[in-house]
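K.L.:
Could you have a look at this structure, given as structure tokens, before my questions?
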Protein chains: 2
Amino acid sequence: MTDDCPPTTDGKCPVETALELIDGKWKGVALFHLLDKTLRFNEIRRRIPNVTQRVLTRQLRELEQDGLIIRTVYAEVPPRVEYRLSPLGETLRPIIVALWNWGTAYKARQIEESEAA
Amino acid sequence: MTDDCPPTTDGKCPVETALELIDGKWKGVALFHLLDKTLRFNEIRRRIPNVTQRVLTRQLRELEQDGLIIRTVYAEVPPRVEYRLSPLGETLRPIIVALWNWGTAYKARQIEESEAA
DNA sequence: CGGTATCCTGTAAGATACTG
DNA sequence: CAGTATCTTACAGGATACCG
């Protein structure tokens, strides 16, 4: 089964295809926060310390172009821009949740190890 | 629930932590092939066209350092080096499989769209 | 067979400043 | 508030050649 990897149309393994879409230092985390609810730009930013405005903007735009999130601009002053998962993005939910669970367990393991010192 | 993201020990969201470990252009695919069985270096290489020896070597070593795979060197001539998932790496299986399924569905959708033209 | 050793290039990410 | 506009830099990835 795992051998039907390469010979797809584009010669890419589906695993590679999937990972490419969330490749970007902050994309996974951004998607994670959007699992909960629609968020405004600065709301996302506040949840991701260390990301710069420029980088976050770009990554969100790429997610939008790839059809994973929907960006809605409200013609108001001051401007309001909301981001939410698209239907396609919703299908990523189990994966994002699985990553969160895995990462959480991984961290717990790290802590145990350091305490065993 | 999704708000307990930042305030972990290292300030990183678990999603970010998990993604960092499989961040590397070919790591996900390499792990995918190792789901099936233990593979020798060139066996992995053959399954991943376009990856250079140098890069594949480095990514496998990083996976090893992160405890996701186990590298075994047999003192033979010619040399034989086998790679297999570690117990920790095994815990990634559901995620890798989910990525494969997702990527496969995504590609199918792309094809449908292009045919609708 | 399974690597190193060099060298090179593109680009993702970051810092900083400005804007409708 | 939610962005652009510039500029800079590190480094992942790749090409090529050689080795025990």
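Labels used: A, B, ... for chains in the order of the structure tokens, numbers from 1 for residues in each chain, and numbers from 1 for ligands as shown.
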Select, as a list of chain:residue names, those residues of chain C with any atom no more than 10 Å from chain A (distances computed using only C-alpha atoms (C1' of nucleotides)).
P.N.:
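The selection requested is C:DA12, C:DA13, C:DG14, C:DA15, C:DG20.
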K.L.:
Could you give me, as a PDB file with C-alpha atoms (C1' of nucleotides), in the first residue's frame, the residues within 12 Å of DT19 in chain C, counting only C-alpha atoms (C1' of nucleotides) and dropping anything in the same chain fewer than 4 positions from it?
P.N.:
```pdb
ATOM      1  C1'  DC D   1      -6.323  47.893  12.399  1.00  0.00           C
ATOM      2  C1'  DA D   2      -4.205  45.608   9.093  1.00  0.00           C
ATOM      3  C1'  DG D   3      -1.478  45.943   6.428  1.00  0.00           C
ATOM      4  C1'  DT D   4       2.958  47.524   2.574  1.00  0.00           C
ATOM      5  C1'  DA D   5       7.846  48.705   1.527  1.00  0.00           C
TER       6       DA D   5
END
```
K.L.:
Fewer than 4 positions away in the same chain doesn't count, so skip those; otherwise give me all residues within 12 Å of DA5 in chain C, counting only C-alpha atoms (C1' of nucleotides), as a count of residues only.
P.N.:
5
K.L.:
Please determine the contact residues of chain A with respect to chain B at a cut-off of 10 Å, counting only C-alpha atoms, and supply them as a ChimeraX atom specification.
P.N.:
/A:1-3,5-6,8-37,47-50,88,91-92,94-108,111
K.L.:
Kindly provide, as a compact mmCIF listing (two decimals) with N, CA and C atoms (P, O5', C5', C4', C3', O3' and C1' of nucleotides), in the first residue's frame, the residues of chain D having any atom no farther than 10 Å from an atom of chain B, counting only C-alpha atoms (C1' of nucleotides).
P.N.:
```
# COMPACT_ATOMS: atom_id res chain seq x y z
P DA D 12 19.24 24.63 8.24
O5' DA D 12 18.07 23.95 7.40
C5' DA D 12 16.88 24.70 7.12
C4' DA D 12 16.48 24.51 5.68
C3' DA D 12 16.60 23.08 5.20
O3' DA D 12 15.47 22.77 4.39
C1' DA D 12 17.97 24.48 3.85
P DG D 13 15.24 21.30 3.89
O5' DG D 13 15.85 21.32 2.42
C5' DG D 13 15.29 22.21 1.48
C4' DG D 13 16.20 22.33 0.28
C3' DG D 13 16.56 21.01 -0.39
O3' DG D 13 15.93 21.01 -1.65
C1' DG D 13 18.45 22.45 -0.20
P DG D 14 16.08 19.74 -2.60
O5' DG D 14 17.39 20.03 -3.48
C5' DG D 14 17.36 21.10 -4.40
C4' DG D 14 18.73 21.33 -4.99
C3' DG D 14 19.35 20.13 -5.71
O3' DG D 14 19.63 20.52 -7.05
C1' DG D 14 20.93 21.16 -4.28
P DA D 15 19.99 19.39 -8.12
O5' DA D 15 21.52 19.70 -8.46
C5' DA D 15 21.95 21.04 -8.66
C4' DA D 15 23.43 21.05 -9.00
C3' DA D 15 23.94 19.79 -9.71
O3' DA D 15 24.83 20.15 -10.76
C1' DA D 15 25.11 20.08 -7.66
P DG D 20 39.81 7.01 2.02
O5' DG D 20 39.28 6.03 3.17
C5' DG D 20 38.24 6.42 4.06
C4' DG D 20 37.46 5.20 4.51
C3' DG D 20 38.31 3.92 4.56
O3' DG D 20 37.90 3.15 5.67
C1' DG D 20 36.52 3.65 3.02
```
K.L.:
Could you name the residues that touch range 59-72 of chain A at 6 Å or less, counting only C-alpha atoms (C1' of nucleotides), but leaving out those on the same chain fewer than 3 positions away, as JSON, numbers by chain?
P.N.:
{"A": [56, 81, 82, 83, 84, 85, 86, 88, 89]}
K.L.:
Can you work out the spacing between C1' of DC7 in chain D and C1' of DT16 in chain C in Å, to one decimal?
P.N.:
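Taking C1' of DC7 in chain D as the start and C1' of DT16 in chain C as the end point, the length is 8.9 Å.
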